[in-house]
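Visitor: My structure is stored as upload.txt, with compact mmCIF, C-alpha atoms.
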```
# COMPACT_ATOMS: atom_id res chain seq x y z
CA MET A 519 2.16 31.33 -6.82
CA CYS A 520 1.18 33.14 -3.70
CA VAL A 521 1.93 30.76 -0.88
CA THR A 522 -0.55 32.43 1.39
CA CYS A 523 -3.75 32.02 -0.56
CA GLY A 524 -2.79 29.75 -3.44
CA CYS A 525 -3.66 32.24 -6.16
CA GLY A 526 -1.69 32.08 -9.37
CA GLN A 527 0.35 35.23 -8.95
CA ILE A 528 4.07 34.79 -9.10
CA SER A 529 5.95 36.24 -6.20
CA ALA A 530 9.54 37.33 -6.41
CA LYS A 531 11.96 35.18 -4.50
CA PRO A 532 12.36 35.46 -1.63
CA VAL A 533 9.39 37.54 -0.63
CA ALA A 534 8.76 38.76 2.88
CA ALA A 535 5.20 38.10 3.95
CA SER A 536 4.92 41.71 4.96
CA ASP A 537 5.55 42.59 1.31
CA ALA A 538 3.09 40.08 -0.03
CA ASP A 539 0.32 42.66 -0.04
CA SER A 540 2.10 44.21 -2.97
CA HIS A 541 0.13 41.97 -5.29
CA SER A 542 -3.43 43.03 -5.44
CA HIS A 543 -5.82 40.36 -4.38
CA ALA A 544 -6.19 40.98 -0.66
CA GLN A 545 -9.82 41.48 0.27
CA ALA A 546 -10.93 42.02 -3.30
CA ALA A 547 -10.44 38.35 -4.10
CA GLY A 548 -13.39 37.58 -1.90
CA HIS A 549 -11.70 34.97 0.26
CA ALA A 550 -13.76 33.81 3.17
CA HIS A 551 -11.54 34.40 6.16
CA ASP A 552 -12.74 33.83 9.66
CA ASN A 553 -10.35 35.90 11.70
CA ALA A 554 -10.90 33.94 14.86
CA CYS A 555 -7.59 34.55 16.55
CA ASP A 556 -7.41 37.39 19.01
CA HIS A 557 -3.96 38.69 18.29
CA ALA A 558 -2.84 41.00 15.54
CA HIS A 559 -0.69 39.55 12.80
CA PRO A 560 -0.12 40.69 9.28
CA HIS A 561 -0.97 37.62 7.23
CA LEU A 562 -3.14 37.75 4.17
CA PRO A 563 -6.71 36.49 4.08
CA ARG A 564 -6.85 32.75 3.53
CA HIS A 565 -9.39 30.34 2.17
CA ALA A 566 -11.88 29.06 4.66
CA GLY A 567 -10.37 25.57 4.82
CA ASP A 568 -6.96 26.86 5.81
CA GLU A 569 -7.89 27.98 9.29
CA ALA A 570 -7.11 24.72 11.05
CA ALA A 571 -3.83 24.53 9.24
CA ASP A 572 -2.99 28.03 10.37
CA ALA A 573 -3.17 27.04 14.01
CA LYS A 574 0.52 26.10 14.06
CA LEU A 575 1.52 29.36 12.44
CA HIS A 576 -0.47 31.37 14.90
CA THR A 577 1.81 30.26 17.67
CA LEU A 578 4.76 31.78 15.84
CA PRO A 579 5.81 35.38 15.20
CA ALA A 580 4.19 35.55 11.78
CA ARG A 581 5.45 39.01 10.97
CA ASP A 582 8.86 37.59 10.14
CA ALA A 583 7.49 34.87 7.87
CA ARG A 584 8.68 34.99 4.32
CA SER A 585 8.13 32.68 1.42
CA ILE A 586 10.94 31.26 -0.66
CA GLU A 587 10.17 30.03 -4.13
CA LEU A 588 12.00 26.76 -4.72
CA GLU A 589 10.68 24.99 -7.85
CA ILE A 590 12.92 22.00 -7.14
CA ALA A 591 12.10 18.52 -8.44
CA VAL A 592 11.72 16.22 -5.45
CA LEU A 593 13.62 13.49 -7.30
CA SER A 594 16.46 15.84 -8.25
CA LYS A 595 18.97 14.25 -5.88
CA ASN A 596 18.34 10.79 -7.31
CA GLN A 597 18.44 12.24 -10.82
CA ALA A 598 21.87 13.74 -10.19
CA PHE A 599 23.25 10.36 -9.12
CA ALA A 600 21.46 8.66 -12.04
CA GLN A 601 23.08 11.07 -14.49
CA ARG A 602 26.48 10.38 -12.97
CA ASN A 603 25.89 6.63 -13.40
CA ARG A 604 24.69 7.18 -16.98
CA ASP A 605 27.86 9.10 -17.83
CA TRP A 606 29.94 6.37 -16.20
CA PHE A 607 28.22 3.73 -18.41
CA LEU A 608 28.60 5.82 -21.54
CA GLY A 609 32.29 6.41 -20.87
CA ARG A 610 32.89 2.66 -20.68
CA SER A 611 30.35 1.53 -23.31
CA VAL A 612 28.61 -0.53 -20.66
CA PHE A 613 25.04 -1.45 -21.61
CA ALA A 614 23.11 -1.17 -18.32
CA ILE A 615 19.71 -2.75 -17.91
CA ASN A 616 17.37 -2.17 -14.99
CA LEU A 617 15.44 -5.45 -14.68
CA MET A 618 12.24 -5.09 -12.69
CA GLY A 619 9.33 -7.34 -11.84
CA GLY A 620 7.32 -8.79 -8.98
CA PRO A 621 8.68 -11.53 -6.75
CA GLY A 622 8.60 -14.84 -8.62
CA ALA A 623 8.36 -13.36 -12.12
CA GLY A 624 11.51 -15.22 -13.08
CA LYS A 625 14.11 -12.45 -13.01
CA THR A 626 16.97 -14.46 -11.54
CA SER A 627 16.12 -17.59 -13.56
CA LEU A 628 16.28 -15.60 -16.80
CA LEU A 629 19.62 -14.13 -15.75
CA GLU A 630 21.08 -17.51 -14.84
CA ARG A 631 20.06 -18.97 -18.18
CA SER A 632 21.25 -15.92 -20.13
CA ILE A 633 24.65 -15.97 -18.40
CA ARG A 634 25.11 -19.70 -19.00
CA ASP A 635 24.19 -19.40 -22.68
CA LEU A 636 26.04 -16.17 -23.44
CA HIS A 637 29.06 -15.96 -21.18
CA LYS A 638 31.47 -16.99 -23.95
CA ASP A 639 30.62 -14.10 -26.25
CA VAL A 640 28.85 -11.50 -24.10
CA PRO A 641 30.47 -10.42 -20.82
CA ILE A 642 27.67 -9.95 -18.28
CA SER A 643 27.88 -8.76 -14.70
CA VAL A 644 25.03 -8.31 -12.28
CA VAL A 645 23.96 -6.09 -9.42
CA GLU A 646 21.40 -7.89 -7.28
CA GLY A 647 18.91 -5.94 -5.19
CA ASP A 648 16.97 -7.70 -2.46
CA GLN A 649 15.70 -6.72 0.95
CA ALA A 650 17.74 -9.49 2.56
CA THR A 651 20.16 -12.37 1.86
CA ALA A 652 22.88 -12.81 -0.75
CA ARG A 653 21.19 -15.81 -2.32
CA ASP A 654 20.58 -14.28 -5.73
CA ALA A 655 24.17 -13.03 -6.06
CA GLU A 656 25.34 -16.54 -5.18
CA ARG A 657 23.08 -17.99 -7.90
CA ILE A 658 24.49 -15.54 -10.44
CA ARG A 659 28.11 -16.31 -9.48
CA ALA A 660 27.36 -20.03 -9.76
CA ALA A 661 26.06 -19.37 -13.28
CA GLY A 662 29.43 -17.81 -14.18
CA ALA A 663 29.11 -14.03 -13.85
CA SER A 664 30.46 -11.58 -11.31
CA ALA A 665 27.81 -10.17 -9.04
CA ILE A 666 27.36 -7.72 -6.18
CA GLN A 667 24.46 -8.01 -3.77
CA ILE A 668 22.77 -4.91 -2.37
CA ASN A 669 20.49 -5.50 0.60
CA THR A 670 18.01 -2.66 0.96
CA GLY A 671 16.74 -3.67 4.41
CA VAL A 672 13.28 -2.13 4.65
CA GLY A 673 13.77 -0.38 1.29
CA CYS A 674 11.50 -1.48 -1.54
CA HIS A 675 13.66 -0.39 -4.49
CA LEU A 676 17.19 0.44 -5.54
CA ASP A 677 18.12 4.07 -6.02
CA ALA A 678 20.86 5.65 -8.08
CA GLN A 679 23.14 6.29 -5.11
CA MET A 680 22.99 2.64 -4.03
CA LEU A 681 23.90 1.62 -7.56
CA ALA A 682 26.83 4.06 -7.65
CA GLY A 683 28.28 2.37 -4.56
CA ALA A 684 27.83 -1.08 -6.13
CA LEU A 685 29.51 0.01 -9.39
CA GLU A 686 32.65 1.05 -7.53
CA ARG A 687 32.96 -2.43 -6.10
CA LEU A 688 31.83 -4.38 -9.15
CA GLN A 689 33.76 -2.44 -11.84
CA PRO A 690 31.96 -3.96 -14.86
CA PRO A 691 34.43 -4.20 -17.79
CA ALA A 692 34.26 -1.82 -20.75
CA GLY A 693 31.90 -2.98 -23.49
CA SER A 694 30.05 -5.38 -21.18
CA VAL A 695 26.40 -5.82 -20.28
CA LEU A 696 25.44 -4.89 -16.72
CA ILE A 697 22.11 -6.18 -15.49
CA ILE A 698 20.70 -4.60 -12.37
CA GLU A 699 18.10 -6.91 -10.88
CA ASN A 700 15.90 -4.60 -8.86
CA VAL A 701 14.03 -5.53 -5.69
CA GLY A 702 11.05 -7.77 -6.50
CA ASN A 703 8.30 -5.18 -6.64
CA LEU A 704 6.08 -3.93 -9.46
CA VAL A 705 5.51 -0.47 -7.98
CA CYS A 706 8.40 1.43 -6.42
CA PRO A 707 11.36 0.60 -8.71
CA ALA A 708 9.53 2.20 -11.64
CA LEU A 709 9.86 5.64 -10.06
CA PHE A 710 13.63 5.75 -9.55
CA ASP A 711 16.00 6.29 -12.46
CA LEU A 712 19.27 4.43 -11.92
CA GLY A 713 21.04 5.80 -15.00
CA GLU A 714 20.32 2.64 -17.01
CA ALA A 715 20.14 2.54 -20.82
CA ALA A 716 17.05 0.30 -20.81
CA ARG A 717 14.33 -0.58 -18.37
CA VAL A 718 13.02 -4.11 -18.67
CA VAL A 719 9.91 -5.29 -16.86
CA ILE A 720 9.40 -9.02 -16.63
CA PHE A 721 6.13 -10.71 -15.77
CA SER A 722 5.16 -14.31 -16.15
CA VAL A 723 2.21 -15.76 -18.03
CA THR A 724 0.91 -17.06 -14.68
CA GLU A 725 0.40 -13.51 -13.40
CA GLY A 726 -2.72 -12.80 -15.43
CA GLU A 727 -3.64 -10.72 -18.44
CA ASP A 728 -4.56 -7.59 -16.53
CA LYS A 729 -1.24 -7.07 -14.75
CA PRO A 730 -0.25 -4.09 -16.93
CA MET A 731 -3.53 -2.36 -16.09
CA LYS A 732 -3.06 -3.00 -12.37
CA TYR A 733 0.53 -1.74 -12.32
CA PRO A 734 0.53 0.91 -15.03
CA HIS A 735 3.45 2.95 -13.70
CA MET A 736 5.85 0.07 -14.18
CA PHE A 737 4.74 -0.63 -17.73
CA ARG A 738 4.70 3.06 -18.53
CA ALA A 739 8.30 3.45 -17.33
CA ALA A 740 9.65 0.40 -19.17
CA ASP A 741 11.29 0.16 -22.59
CA VAL A 742 11.01 -3.61 -22.85
CA VAL A 743 8.58 -6.17 -21.50
CA VAL A 744 9.54 -9.82 -21.10
CA LEU A 745 6.71 -12.31 -20.78
CA SER A 746 8.27 -15.24 -19.02
CA LYS A 747 7.43 -18.91 -18.40
CA THR A 748 5.72 -19.37 -21.78
CA ASP A 749 6.35 -23.13 -21.44
CA LEU A 750 3.47 -23.10 -18.94
CA LEU A 751 0.94 -21.71 -21.45
CA PRO A 752 -0.54 -25.12 -22.36
CA HIS A 753 -1.56 -25.54 -18.71
CA LEU A 754 -3.17 -22.11 -18.28
CA HIS A 755 -6.33 -20.35 -19.35
CA VAL A 756 -4.55 -17.21 -20.35
CA ASP A 757 -4.53 -15.23 -23.59
CA LEU A 758 -0.97 -14.21 -24.44
CA THR A 759 -2.15 -11.76 -27.11
CA GLN A 760 -4.39 -10.04 -24.58
CA MET A 761 -1.49 -9.75 -22.13
CA ILE A 762 0.63 -8.07 -24.76
CA ASP A 763 -2.21 -5.81 -25.92
CA ASN A 764 -2.77 -4.65 -22.35
CA ALA A 765 0.90 -3.81 -21.94
CA LEU A 766 0.92 -1.90 -25.23
CA ARG A 767 -2.20 0.00 -24.23
CA ILE A 768 -0.27 1.46 -21.30
CA ASN A 769 2.91 1.92 -23.33
CA PRO A 770 2.72 1.53 -27.12
CA LYS A 771 6.51 1.88 -27.44
CA LEU A 772 7.28 -1.32 -25.51
CA LEU A 773 9.49 -3.91 -27.15
CA VAL A 774 8.06 -7.34 -26.28
CA PHE A 775 9.83 -10.66 -25.78
CA ALA A 776 7.86 -13.79 -24.91
CA LEU A 777 10.17 -16.52 -23.70
CA SER A 778 10.85 -19.40 -21.37
CA ALA A 779 14.14 -19.76 -19.49
CA GLU A 780 13.11 -23.37 -18.90
CA SER A 781 12.41 -24.54 -22.46
CA ALA A 782 14.58 -21.90 -24.22
CA GLN A 783 11.60 -20.87 -26.37
CA GLY A 784 12.04 -17.27 -27.52
CA LEU A 785 15.47 -16.84 -25.94
CA GLU A 786 17.35 -16.17 -29.19
CA SER A 787 15.52 -12.87 -29.78
CA TRP A 788 16.27 -11.78 -26.21
CA TYR A 789 19.91 -12.74 -26.67
CA GLY A 790 20.05 -10.81 -29.93
CA TRP A 791 18.85 -7.74 -28.10
CA LEU A 792 21.46 -8.20 -25.35
CA ARG A 793 24.26 -8.82 -27.83
CA GLY A 794 23.32 -5.73 -29.78
CA HIS A 795 23.20 -3.61 -26.61
CA GLY A 796 19.55 -2.87 -27.24
CA GLU A 797 19.93 -2.49 -31.01
CA GLY A 798 19.46 -4.83 -33.91
CA ALA A 799 16.73 -7.05 -32.48
CA LYS A 800 13.07 -6.88 -33.21
CA SER A 801 10.27 -7.62 -30.84
CA ALA A 802 9.48 -11.32 -30.85
CA ALA A 803 6.13 -11.90 -29.27
CA MET B 554 6.36 2.56 0.82
CA HIS B 555 8.71 4.55 -1.38
CA GLU B 556 7.26 7.75 0.07
CA LEU B 557 9.38 7.49 3.22
CA GLY B 558 12.66 7.98 1.37
CA ILE B 559 11.21 10.64 -0.86
CA THR B 560 9.78 12.57 2.09
CA ARG B 561 13.26 12.55 3.61
CA SER B 562 14.44 14.18 0.40
CA ILE B 563 11.75 16.86 0.70
CA VAL B 564 12.83 17.65 4.26
CA ALA B 565 16.50 17.66 3.23
CA ILE B 566 15.88 20.04 0.33
CA VAL B 567 13.84 22.56 2.31
CA THR B 568 16.18 22.58 5.30
CA GLU B 569 19.18 23.02 2.98
CA HIS B 570 17.51 26.07 1.45
CA SER B 571 16.16 27.60 4.65
CA ASP B 572 19.45 29.25 5.56
CA GLY B 573 19.17 28.14 9.17
CA GLN B 574 15.67 29.51 9.60
CA LYS B 575 12.70 27.54 10.81
CA VAL B 576 10.51 26.13 8.05
CA VAL B 577 6.82 26.57 8.84
CA ARG B 578 5.14 25.61 5.59
CA VAL B 579 6.12 23.58 2.54
CA THR B 580 4.11 23.52 -0.67
CA VAL B 581 4.56 20.50 -2.91
CA GLU B 582 3.08 20.09 -6.39
CA LEU B 583 2.11 16.47 -6.98
CA GLY B 584 0.68 15.08 -10.21
CA ARG B 585 -1.87 12.31 -9.82
CA LEU B 586 -0.02 10.17 -12.36
CA CYS B 587 3.44 10.38 -10.85
CA GLY B 588 3.11 7.34 -8.61
CA PHE B 589 3.46 8.96 -5.20
CA ALA B 590 0.52 8.94 -2.78
CA PRO B 591 -0.28 12.25 -1.05
CA GLU B 592 -1.64 10.48 2.05
CA ALA B 593 1.65 8.61 2.45
CA LEU B 594 3.67 11.82 2.02
CA ARG B 595 1.61 13.50 4.75
CA PHE B 596 1.98 10.46 6.97
CA CYS B 597 5.75 10.47 6.59
CA PHE B 598 6.34 14.22 6.71
CA ASP B 599 6.00 14.80 10.46
CA LEU B 600 8.23 11.78 11.15
CA CYS B 601 10.91 12.91 8.73
CA ALA B 602 10.79 16.55 9.87
CA HIS B 603 11.19 15.64 13.53
CA GLY B 604 14.39 17.08 14.94
CA THR B 605 15.05 19.24 11.85
CA LEU B 606 14.42 22.89 11.02
CA ALA B 607 11.16 21.72 9.42
CA GLU B 608 9.79 20.18 12.62
CA GLY B 609 6.14 21.19 13.03
CA ALA B 610 5.95 22.61 9.50
CA GLN B 611 2.75 22.22 7.56
CA LEU B 612 2.89 20.25 4.32
CA ASP B 613 0.56 21.59 1.63
CA ILE B 614 0.12 19.27 -1.34
CA VAL B 615 -1.30 20.76 -4.53
CA GLU B 616 -2.57 17.83 -6.57
CA ILE B 617 -2.62 18.07 -10.34
CA ASP B 618 -5.02 15.98 -12.43
CA GLY B 619 -3.72 13.66 -15.10
CA LEU B 620 -4.42 14.91 -18.60
CA GLY B 621 -3.72 13.23 -21.93
CA ARG B 622 -3.93 14.70 -25.42
CA CYS B 623 -4.35 12.50 -28.48
CA SER B 624 -2.49 13.55 -31.62
CA ALA B 625 -4.70 11.24 -33.75
CA CYS B 626 -8.21 12.40 -32.83
CA GLY B 627 -7.41 15.57 -30.91
CA ALA B 628 -9.32 14.49 -27.82
CA GLN B 629 -8.18 15.63 -24.42
CA ASN B 630 -8.97 13.22 -21.60
CA ARG B 631 -8.60 13.26 -17.88
CA LEU B 632 -6.53 10.21 -16.92
CA GLU B 633 -6.67 8.12 -13.77
CA ILE B 634 -3.63 6.04 -14.75
CA PRO B 635 -0.69 6.80 -17.02
CA MET B 636 -1.29 5.26 -20.43
CA GLY B 637 -0.27 5.62 -24.04
CA CYS B 638 -3.47 4.77 -25.94
CA CYS B 639 -6.26 7.31 -26.32
CA PRO B 640 -9.36 6.47 -24.24
CA SER B 641 -11.49 8.07 -27.00
CA CYS B 642 -10.17 6.54 -30.24
CA GLY B 643 -7.86 3.80 -28.92
CA LYS B 644 -4.90 4.88 -31.04
CA PRO B 645 -1.39 4.79 -29.53
CA ALA B 646 -1.03 8.53 -29.88
CA LEU B 647 -1.66 9.82 -26.39
CA THR B 648 0.74 12.29 -24.85
CA ILE B 649 0.50 12.96 -21.14
CA VAL B 650 0.43 16.73 -20.78
CA ALA B 651 -0.23 17.01 -17.04
CA GLY B 652 -0.16 14.87 -13.94
CA GLU B 653 3.48 13.81 -13.82
CA GLU B 654 4.70 16.81 -11.81
CA PHE B 655 6.46 16.31 -8.49
CA LYS B 656 8.29 19.30 -7.15
CA ILE B 657 8.68 21.52 -4.14
CA ARG B 658 7.06 24.76 -5.20
CA GLU B 659 7.90 26.96 -2.25
CA MET B 660 8.23 27.17 1.49
CA GLU B 661 7.63 29.65 4.25
CA VAL B 662 10.36 30.30 6.81
CA LEU B 663 10.53 32.27 10.03
```
If you took the structure in this file and wrote it as structure tokens, what would it be?
Guide:
Amino acid sequence: MCVTCGCGQISAKPVAASDADSHSHAQAAGHAHDNACDHAHPHLPRHAGDEAADAKLHTLPARDARSIELEIAVLSKNQAFAQRNRDWFLGRSVFAINLMGGPGAGKTSLLERSIRDLHKDVPISVVEGDQATARDAERIRAAGASAIQINTGVGCHLDAQMLAGALERLQPPAGSVLIIENVGNLVCPALFDLGEAARVVIFSVTEGEDKPMKYPHMFRAADVVVLSKTDLLPHLHVDLTQMIDNALRINPKLLVFALSAESAQGLESWYGWLRGHGEGAKSAA
Amino acid sequence: MHELGITRSIVAIVTEHSDGQKVVRVTVELGRLCGFAPEALRFCFDLCAHGTLAEGAQLDIVEIDGLGRCSACGAQNRLEIPMGCCPSCGKPALTIVAGEEFKIREMEVL
């Protein structure tokens, strides 16, 4: 694309602005260009709305300006780290799960229960992401699994580089399950690949049927949805089927587990999925 | 506010590729379904560029509409949110064909 006027012509890279006239759209393209500045400079005609934006450029020696075509994914740096993590997991047959959900959805409670029930036959270790405190890692260790806490400070999500640092310290054993509990947030974590094998979003039956519609990016990015706290259903005016339908409307490929870490309802299907490293368990909603 | 970290990445990428020259304009392609807000990117850009070769550069954001194509009914719909079911026929056969882009297209250096 021509950086000067936004037309669709591809420019070679890099292209000096003084050469940019070589593609033929200059005045013929009919751009409205109010040449208000009183000095001579060789830039191409621009669209009318660009004049204010040009003010900064006009203070600079524009004749040396050149455009450089980049075509670089903004998330490429995170992707590179995520791929490195993914290879690390594959090399050790570690089944890595990125567990995401809003604060209070029941992420840590589900982990505590899962670790207590499974620790004899499924080795589980945990990376905990929170803005502050090591409380969740302490809860996980008390439940019987090794855990590393990452505090993101002002950060609202974990990224692949943070996880890489945690993996070096945690060293999850070969063949184990690693659960990465992301920062409690239904928006930002969805956008950052950590190199996990499966993305699990958890939301509780108390959060309302329309949650998937309100936070579509998270449900779109997930492979699995866990509907938690189903033991509370008798006390709520909430339609579980509608909740699931809404999630599937955003992402028809979602595997759904409805469960309660409190009453143990629905946990066996979830455990089957964990034991099978994401295989061999069917959705149990 | 995940845009702060991501805007740092934008500044890092363009300054790495500017070969020591001053960056005066950066053009980013941003799909409306990719989950990053253009207003927040603009808000963060000047802050992140401060003290770098991109200080004072203009950030141009080319927004791309979300578009879904249904393989069941053939409809093509503009999408406001990412989804997997067709707004026309309701079938889970929608493929998002545009709106998930997020890349640095080009920059201008002096």
Visitor: Could the residues of chain B that have an atom at most 8 Å from chain A be listed as CSV, each with its closest atom pair and the distance in Å to one decimal, counting all atoms listed in the file and ordered by chain and ascending residue number?
Guide:
```
residue,atom,partner,partner_atom,distance
B:Met554,CA,A:Cys674,CA,7.0
B:His555,CA,A:Cys706,CA,5.9
B:Ile559,CA,A:Val592,CA,7.2
B:Ser562,CA,A:Val592,CA,6.8
B:Ile563,CA,A:Val592,CA,6.2
B:Val577,CA,A:Leu575,CA,7.0
B:Thr580,CA,A:Val521,CA,7.6
B:Cys587,CA,A:His735,CA,8.0
B:Gly588,CA,A:His735,CA,6.7
B:Gly609,CA,A:Lys574,CA,7.5
B:Ala610,CA,A:Lys574,CA,7.9
B:Gln611,CA,A:Ala571,CA,7.2
B:Ile634,CA,A:Pro734,CA,6.6
B:Pro635,CA,A:Pro734,CA,6.3
B:Met636,CA,A:Ile768,CA,4.0
B:Gly637,CA,A:Asn769,CA,4.9
B:Cys638,CA,A:Arg767,CA,5.2
B:Pro645,CA,A:Pro770,CA,5.8
B:Phe655,CA,A:Ala591,CA,6.1
B:Lys656,CA,A:Ala591,CA,4.1
B:Ile657,CA,A:Ile590,CA,5.2
B:Arg658,CA,A:Glu589,CA,4.5
B:Glu659,CA,A:Glu587,CA,4.3
B:Met660,CA,A:Ile586,CA,5.4
B:Glu661,CA,A:Ser585,CA,4.2
B:Val662,CA,A:Ala583,CA,5.5
B:Leu663,CA,A:Ala583,CA,4.5
```
Visitor: Using all atoms listed in the file, determine which residues lie at most 9 Å from Val742 (chain A), disregarding the query and same-chain residues fewer than 3 positions distant; provide the list as a PyMOL selection string.
Guide: chain A and resi 716-720+737+771-775+801
Visitor: Measure the distance from CA of Ser778 (chain A) to CA of Ala655 (chain A) in Å and round it to one decimal.
Guide: 21.3 Å
Visitor: Using all atoms listed in the file, find the one residue out of A:Leu754, A:Leu628, A:Ile615, A:Ala661 that sits nearest to Gly784 (chain A).
Guide: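 Using all atoms listed in the file, the shortest distance to Gly784 (chain A) belongs to A:Leu628.
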Visitor: When you draw a straight line from CA of Leu758 (chain A) to CA of Asp741 (chain A), how long is it in Å?
Guide: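 Result for CA of Leu758 (chain A) versus CA of Asp741 (chain A): 19.0 Å, one decimal.
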Visitor: One decimal, in Å: what's the spacing between CA of Phe607 (chain A) and CA of Pro690 (chain A)?
Guide: 9.3 Å
Visitor: Can you pull out the residues contacting Met761 (chain A)? Cut-off 8 Å, using only C-alpha atoms, and skip same-chain residues under 4 positions away; I want them as a ChimeraX atom specification.
Guide: /A:726-730,757,765
Visitor: Create the file for the chosen residues now, containing C-alpha atoms and written as a PDB file, keeping the file's coordinate frame.
Guide:
```
ATOM      1  CA  GLY A 726      -2.720 -12.800 -15.430  1.00  0.00           C
ATOM      2  CA  GLU A 727      -3.640 -10.720 -18.440  1.00  0.00           C
ATOM      3  CA  ASP A 728      -4.560  -7.590 -16.530  1.00  0.00           C
ATOM      4  CA  LYS A 729      -1.240  -7.070 -14.750  1.00  0.00           C
ATOM      5  CA  PRO A 730      -0.250  -4.090 -16.930  1.00  0.00           C
ATOM      6  CA  ASP A 757      -4.530 -15.230 -23.590  1.00  0.00           C
ATOM      7  CA  ALA A 765       0.900  -3.810 -21.940  1.00  0.00           C
TER       8      ALA A 765
END
```
Visitor: Near Ala665 (chain A), within 8 Å and counting all atoms listed in the file, which residues show up once chain neighbours fewer than 2 positions away are dropped, as JSON, numbers by chain?
Guide: {"A": [643, 644, 645, 646, 655, 656, 658, 659, 663, 667, 688]}
Visitor: Could you check which of A:Pro752, A:Gly702, A:Gly683, A:Pro691 is closest to Ala614 (chain A), using all atoms listed in the file?
Guide: A:Pro691
Visitor: Given all atoms listed in the file as the basis, pick out the residue of A:Asn616, A:Thr748, A:Gln597, A:Thr759 nearest to Leu785 (chain A).
Guide: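 Going through A:Asn616, A:Thr748, A:Gln597, A:Thr759 one by one, the smallest distance to Leu785 (chain A) is for A:Thr748.
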Visitor: Please determine, counting only C-alpha atoms, which residue among B:Ala590, B:Ala565, B:Ala607, B:Leu632 has the shortest atom-to-atom distance to Gly652 (chain B).
Guide: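 Checking each candidate against Gly652 (chain B), we get B:Leu632 as the closest.
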Visitor: Which of these, B:Asn630, B:Gln574, B:Thr560, B:Thr605, has the shortest distance to Ala593 (chain B) once you count only C-alpha atoms?
Guide: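 Of all the options, B:Thr560 lies closest to Ala593 (chain B).
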Visitor: May I have the protein, DNA and RNA residues with any atom at most 7 Å from the point (12.8, 19.9, 7.6), counting only C-alpha atoms, written as a list in words?
Guide: Val564, Ala565, Val567, Thr568, Val576, Ala602, Thr605, Leu606, Ala607 and Glu608 of chain B
Visitor: So that I can check the surroundings of Leu750 (chain A), please list as a ChimeraX atom specification every protein, DNA and RNA residue that reaches within 10 Å of it, counting all atoms listed in the file and ignoring chain neighbours fewer than 6 positions away.
Guide: /A:722-724,778,780-781
Visitor: So, with only C-alpha atoms as the atoms that count, which of A:Ala660, A:Val612, A:Leu751, A:Ala598 lies closest to Glu630 (chain A)?
Guide: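 Of A:Ala660, A:Val612, A:Leu751, A:Ala598, the one nearest Glu630 (chain A) is A:Ala660, counting only C-alpha atoms.
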Visitor: Tell me, as a VMD selection string, which residues lie within 6 Å of region 615-617 of chain B, counting all atoms listed in the file; anything in the same chain fewer than 6 positions away does not count.
Guide: chain B and resid 582 to 585 652
Visitor: Take the residues from that selection and put them in a file with C-alpha atoms, as a compact mmCIF listing (two decimals), in the frame of the given file.
Guide:
```txt
# COMPACT_ATOMS: atom_id res chain seq x y z
CA GLU B 582 3.08 20.09 -6.39
CA LEU B 583 2.11 16.47 -6.98
CA GLY B 584 0.68 15.08 -10.21
CA ARG B 585 -1.87 12.31 -9.82
CA GLY B 652 -0.16 14.87 -13.94
```
Visitor: Could you write out as lines of an AutoDock Vina configuration file the box around region 753-769 of chain A (axis-aligned, all atoms listed in the file, 5 Å on each side), with centre and edge lengths in Å to one decimal?
Guide:
```
center_x = -1.7
center_y = -11.8
center_z = -22.7
size_x = 19.2
size_y = 37.5
size_z = 18.8
```
